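Just below is one structure, and these are the notes that go with it.
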Amino acid sequence: MSSPLSIDALNARHAIPHIAGIVVGNGGLPKIQITSSAASADIYLHGAQVTSWQPAGSGEIIFLSKHSRWDETHAIRGGIPICFPWFRAKSDDPHAPSHGFVRTASWQLDSVTHEGDAVVATLTIEDDEVSRGWWPYPFRLTHRITVGAQLKLELTSSNTGSSPFSFEEALHTYYRVGDAREISITGLDGVSYLDNRRNNRQEEQQGDIILTQATDNAYLNSEHAVTVVDPVLHRRLHLEKQNSRTTIVWNPWQEGAIALSDLGDDEWHQMTCVEASNILSAAVTLPPGEQHTMTAIISTINAGDAQT
């Protein structure tokens, strides 16, 4: 992989005056800072990770832990981490990094463009000696992030080698909520799910999801939209998906938060993850020369703008 460019070189190549630029973020890590008429956002090159998105007229949508570690060896706690090429622990190697290796890698910034009211940032990463130590396949990932009144994430996986491979993927979105105990999640009624807290025991969702305890569920064959209804912040957060066959709902609750050194003991009730994914039986098999794009489109509706 090529050497990373300096902040000045990145700005000379990609900055859009008064709208988008590359700045020094937390821990000295470079980030794209976007401020347009439609929305503001922060995107770190570390992990190609969105850590903030605030559409005009709305509050912050994305949760970011105040205790996150900010260095090149750790994942950012919060935002929208990219999980690839496995989800959770690697099944055949307990020493492999959780959720894969791209969320702790530095991505290349390919372009920043202004398209209408939106700003589009495209970042890429390819296999290298480090990745091949964990997973032996040549690949290329492209993350195309469209920041506007909606946040659109397009994750394209390309097989650049001569053998097929299978992978899991997730856009592990941390939503900021008023109180996780008060929200409801709609759109998954009647869907079968695997409960990771109970050895992936299969259950069927009955009605809306109401969080009352630590939750780590993978909803199967769920390609339709999901909505987080937040009565405390008076808004709905809406997730539409394409080429995503599983939906993850996760909250560590109090006991889980205490066990995570990069999440405050009381921060669990300010966040909930609802994410587009392809995991477990929905893992993607990609022939040589082929590619697969998973898309997540996030929007928000304030209570004053729609019936609740």
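Ordering of the structure tokens sets the chain letters (A, B, ...), residue numbers begin anew at 1 in every chain, and ligands are numbered from 1 in the order given.
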Item to check | Ala96 (chain A) environment, 12 Å, only C-alpha atoms, sequence neighbours closer than 2 positions dropped, as a list in words | outcome: Pro85, Trp86, Phe87, Arg88, Ala89, Lys90, Ser91, Asp92, Asp93, Pro94, Ser98, His99, Gly100, Phe101, Val130, Ser131, Arg132, Gly133, Trp134 and Trp135 of chain A
Note to self: Taking 4 positions as the minimum chain separation for residues in the same chain, which residues sit within 7 Å of region 240-251 of chain A when counting only C-alpha atoms? Answer as a ChimeraX atom specification.
What the structure shows: /A:214-226,268,272-279,282,293-298
I need the residues from that last selection saved to file as a PDB file, in the first residue's frame (with N, CA and C atoms), if you can.
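What landed in part.pdb:
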```
ATOM      1  N   ALA A 214     -29.341  -6.476  28.045  1.00  0.00           N
ATOM      2  CA  ALA A 214     -28.307  -6.587  27.014  1.00  0.00           C
ATOM      3  C   ALA A 214     -28.857  -7.366  25.824  1.00  0.00           C
ATOM      4  N   THR A 215     -28.622  -6.838  24.620  1.00  0.00           N
ATOM      5  CA  THR A 215     -29.209  -7.405  23.405  1.00  0.00           C
ATOM      6  C   THR A 215     -28.147  -7.536  22.334  1.00  0.00           C
ATOM      7  N   ASP A 216     -28.095  -8.699  21.686  1.00  0.00           N
ATOM      8  CA  ASP A 216     -27.174  -8.931  20.571  1.00  0.00           C
ATOM      9  C   ASP A 216     -27.841  -9.917  19.628  1.00  0.00           C
ATOM     10  N   ASN A 217     -28.735  -9.397  18.783  1.00  0.00           N
ATOM     11  CA  ASN A 217     -29.567 -10.237  17.931  1.00  0.00           C
ATOM     12  C   ASN A 217     -29.234 -10.019  16.455  1.00  0.00           C
ATOM     13  N   ALA A 218     -29.214 -11.116  15.712  1.00  0.00           N
ATOM     14  CA  ALA A 218     -29.044 -11.076  14.257  1.00  0.00           C
ATOM     15  C   ALA A 218     -30.365 -11.494  13.627  1.00  0.00           C
ATOM     16  N   TYR A 219     -31.060 -10.543  13.005  1.00  0.00           N
ATOM     17  CA  TYR A 219     -32.344 -10.800  12.361  1.00  0.00           C
ATOM     18  C   TYR A 219     -32.096 -11.301  10.944  1.00  0.00           C
ATOM     19  N   LEU A 220     -32.708 -12.435  10.614  1.00  0.00           N
ATOM     20  CA  LEU A 220     -32.402 -13.160   9.386  1.00  0.00           C
ATOM     21  C   LEU A 220     -33.372 -12.798   8.264  1.00  0.00           C
ATOM     22  N   ASN A 221     -32.858 -12.850   7.028  1.00  0.00           N
ATOM     23  CA  ASN A 221     -33.697 -12.592   5.851  1.00  0.00           C
ATOM     24  C   ASN A 221     -34.509 -11.310   6.022  1.00  0.00           C
ATOM     25  N   SER A 222     -33.822 -10.272   6.491  1.00  0.00           N
ATOM     26  CA  SER A 222     -34.486  -8.989   6.794  1.00  0.00           C
ATOM     27  C   SER A 222     -33.894  -7.906   5.894  1.00  0.00           C
ATOM     28  N   GLU A 223     -34.474  -7.757   4.728  1.00  0.00           N
ATOM     29  CA  GLU A 223     -33.981  -6.778   3.764  1.00  0.00           C
ATOM     30  C   GLU A 223     -34.790  -5.487   3.779  1.00  0.00           C
ATOM     31  N   HIS A 224     -35.859  -5.456   4.551  1.00  0.00           N
ATOM     32  CA  HIS A 224     -36.723  -4.286   4.554  1.00  0.00           C
ATOM     33  C   HIS A 224     -36.221  -3.225   5.539  1.00  0.00           C
ATOM     34  N   ALA A 225     -36.867  -2.063   5.516  1.00  0.00           N
ATOM     35  CA  ALA A 225     -36.444  -0.928   6.331  1.00  0.00           C
ATOM     36  C   ALA A 225     -36.761  -1.146   7.809  1.00  0.00           C
ATOM     37  N   VAL A 226     -35.981  -0.469   8.651  1.00  0.00           N
ATOM     38  CA  VAL A 226     -36.138  -0.538  10.101  1.00  0.00           C
ATOM     39  C   VAL A 226     -36.118   0.897  10.629  1.00  0.00           C
ATOM     40  N   TRP A 268     -24.224   3.459  27.861  1.00  0.00           N
ATOM     41  CA  TRP A 268     -25.020   2.474  27.134  1.00  0.00           C
ATOM     42  C   TRP A 268     -26.441   2.953  26.855  1.00  0.00           C
ATOM     43  N   THR A 272     -27.687   2.928  20.710  1.00  0.00           N
ATOM     44  CA  THR A 272     -28.153   1.604  20.302  1.00  0.00           C
ATOM     45  C   THR A 272     -27.683   1.375  18.872  1.00  0.00           C
ATOM     46  N   CYS A 273     -27.201   0.178  18.599  1.00  0.00           N
ATOM     47  CA  CYS A 273     -26.748  -0.159  17.256  1.00  0.00           C
ATOM     48  C   CYS A 273     -27.845  -0.899  16.506  1.00  0.00           C
ATOM     49  N   VAL A 274     -28.148  -0.422  15.310  1.00  0.00           N
ATOM     50  CA  VAL A 274     -29.043  -1.100  14.375  1.00  0.00           C
ATOM     51  C   VAL A 274     -28.332  -1.027  13.033  1.00  0.00           C
ATOM     52  N   GLU A 275     -27.977  -2.178  12.458  1.00  0.00           N
ATOM     53  CA  GLU A 275     -27.008  -2.119  11.372  1.00  0.00           C
ATOM     54  C   GLU A 275     -27.316  -3.054  10.212  1.00  0.00           C
ATOM     55  N   ALA A 276     -27.015  -2.545   9.026  1.00  0.00           N
ATOM     56  CA  ALA A 276     -27.055  -3.358   7.813  1.00  0.00           C
ATOM     57  C   ALA A 276     -25.881  -4.323   7.843  1.00  0.00           C
ATOM     58  N   SER A 277     -26.141  -5.575   7.435  1.00  0.00           N
ATOM     59  CA  SER A 277     -25.081  -6.574   7.528  1.00  0.00           C
ATOM     60  C   SER A 277     -25.392  -7.769   6.646  1.00  0.00           C
ATOM     61  N   ASN A 278     -24.367  -8.589   6.459  1.00  0.00           N
ATOM     62  CA  ASN A 278     -24.488  -9.927   5.876  1.00  0.00           C
ATOM     63  C   ASN A 278     -23.582 -10.840   6.695  1.00  0.00           C
ATOM     64  N   ILE A 279     -24.167 -11.557   7.652  1.00  0.00           N
ATOM     65  CA  ILE A 279     -23.365 -12.381   8.549  1.00  0.00           C
ATOM     66  C   ILE A 279     -23.964 -13.781   8.636  1.00  0.00           C
ATOM     67  N   ALA A 282     -25.828 -15.626   5.896  1.00  0.00           N
ATOM     68  CA  ALA A 282     -25.939 -14.626   4.831  1.00  0.00           C
ATOM     69  C   ALA A 282     -24.572 -14.134   4.352  1.00  0.00           C
ATOM     70  N   THR A 293     -21.956  -4.880  -3.566  1.00  0.00           N
ATOM     71  CA  THR A 293     -22.169  -3.612  -2.882  1.00  0.00           C
ATOM     72  C   THR A 293     -23.335  -3.724  -1.906  1.00  0.00           C
ATOM     73  N   MET A 294     -23.070  -3.447  -0.632  1.00  0.00           N
ATOM     74  CA  MET A 294     -24.106  -3.342   0.388  1.00  0.00           C
ATOM     75  C   MET A 294     -24.330  -1.865   0.681  1.00  0.00           C
ATOM     76  N   THR A 295     -25.592  -1.459   0.727  1.00  0.00           N
ATOM     77  CA  THR A 295     -25.931  -0.048   0.895  1.00  0.00           C
ATOM     78  C   THR A 295     -26.813   0.147   2.122  1.00  0.00           C
ATOM     79  N   ALA A 296     -26.520   1.205   2.882  1.00  0.00           N
ATOM     80  CA  ALA A 296     -27.372   1.636   3.991  1.00  0.00           C
ATOM     81  C   ALA A 296     -27.691   3.109   3.782  1.00  0.00           C
ATOM     82  N   ILE A 297     -28.978   3.460   3.911  1.00  0.00           N
ATOM     83  CA  ILE A 297     -29.412   4.846   3.776  1.00  0.00           C
ATOM     84  C   ILE A 297     -30.126   5.228   5.064  1.00  0.00           C
ATOM     85  N   ILE A 298     -29.574   6.227   5.749  1.00  0.00           N
ATOM     86  CA  ILE A 298     -30.088   6.647   7.050  1.00  0.00           C
ATOM     87  C   ILE A 298     -30.731   8.022   6.899  1.00  0.00           C
TER      88      ILE A 298
END
```
I need the residues of region 44-85 of chain A that end up classed as strand (DSSP E or B) by DSSP on the backbone, written out as a PyMOL selection string. chain A and resi 44+46+49-55+62+64+78+80+82-84
Identify, on the basis of only C-alpha atoms, every residue whose closest approach to Gln213 (chain A) does not exceed 12 Å; exclude the query and any residue fewer than 6 positions from it along the same chain; express the result as an NGL selection string. :A and (180-181 or 197 or 250-257 or 268-269 or 272)
Exercise. Got a sec to tell me which of region 70-251 of chain A DSSP assigns to alpha helix (DSSP H), as JSON, numbers by chain?
Worked result: {"A": [129, 130, 131, 132, 133, 134]}
Please list as a ChimeraX atom specification every residue within 8 Å of Thr173 (chain A), counting only C-alpha atoms and excluding residues in the same chain fewer than 2 positions away. /A:62,78-81,171,175,273-275
Export of the given selection (N, CA and C atoms) as a PDB file, in the first residue's frame:
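Just written: result09.pdb:
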```
ATOM      1  N   ILE A  62     -25.328  10.404  15.339  1.00  0.00           N
ATOM      2  CA  ILE A  62     -24.381   9.324  15.589  1.00  0.00           C
ATOM      3  C   ILE A  62     -23.806   9.428  17.005  1.00  0.00           C
ATOM      4  N   GLY A  78     -17.887   3.790  18.730  1.00  0.00           N
ATOM      5  CA  GLY A  78     -18.991   4.619  18.286  1.00  0.00           C
ATOM      6  C   GLY A  78     -18.868   4.887  16.798  1.00  0.00           C
ATOM      7  N   GLY A  79     -19.676   5.827  16.301  1.00  0.00           N
ATOM      8  CA  GLY A  79     -19.636   6.106  14.873  1.00  0.00           C
ATOM      9  C   GLY A  79     -20.220   4.948  14.072  1.00  0.00           C
ATOM     10  N   ILE A  80     -19.620   4.701  12.898  1.00  0.00           N
ATOM     11  CA  ILE A  80     -20.072   3.600  12.042  1.00  0.00           C
ATOM     12  C   ILE A  80     -18.855   2.779  11.627  1.00  0.00           C
ATOM     13  N   PRO A  81     -18.370   1.890  12.491  1.00  0.00           N
ATOM     14  CA  PRO A  81     -17.255   1.016  12.115  1.00  0.00           C
ATOM     15  C   PRO A  81     -17.645   0.071  10.976  1.00  0.00           C
ATOM     16  N   LEU A 171     -22.103  -2.605   8.609  1.00  0.00           N
ATOM     17  CA  LEU A 171     -21.936  -1.175   8.867  1.00  0.00           C
ATOM     18  C   LEU A 171     -22.516  -0.949  10.257  1.00  0.00           C
ATOM     19  N   TYR A 175     -26.329   4.583  16.888  1.00  0.00           N
ATOM     20  CA  TYR A 175     -27.230   5.728  16.904  1.00  0.00           C
ATOM     21  C   TYR A 175     -27.218   6.389  18.279  1.00  0.00           C
ATOM     22  N   CYS A 273     -27.201   0.178  18.599  1.00  0.00           N
ATOM     23  CA  CYS A 273     -26.748  -0.159  17.256  1.00  0.00           C
ATOM     24  C   CYS A 273     -27.845  -0.899  16.506  1.00  0.00           C
ATOM     25  N   VAL A 274     -28.148  -0.422  15.310  1.00  0.00           N
ATOM     26  CA  VAL A 274     -29.043  -1.100  14.375  1.00  0.00           C
ATOM     27  C   VAL A 274     -28.332  -1.027  13.033  1.00  0.00           C
ATOM     28  N   GLU A 275     -27.977  -2.178  12.458  1.00  0.00           N
ATOM     29  CA  GLU A 275     -27.008  -2.119  11.372  1.00  0.00           C
ATOM     30  C   GLU A 275     -27.316  -3.054  10.212  1.00  0.00           C
TER      31      GLU A 275
END
```
Taking only C-alpha atoms into account, which of A:Gln202, A:Thr160, A:Pro138, A:Ile185 comes nearest Pro231 (chain A)?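 Among A:Gln202, A:Thr160, A:Pro138, A:Ile185, it is A:Ile185 that comes nearest to Pro231 (chain A).
Minimum atom-to-atom distances from A:Gln205, A:Ser281, A:Leu10, A:Asn199 to Asp110 (chain A) were compared using only C-alpha atoms, and the lowest value belongs to A:Leu10.
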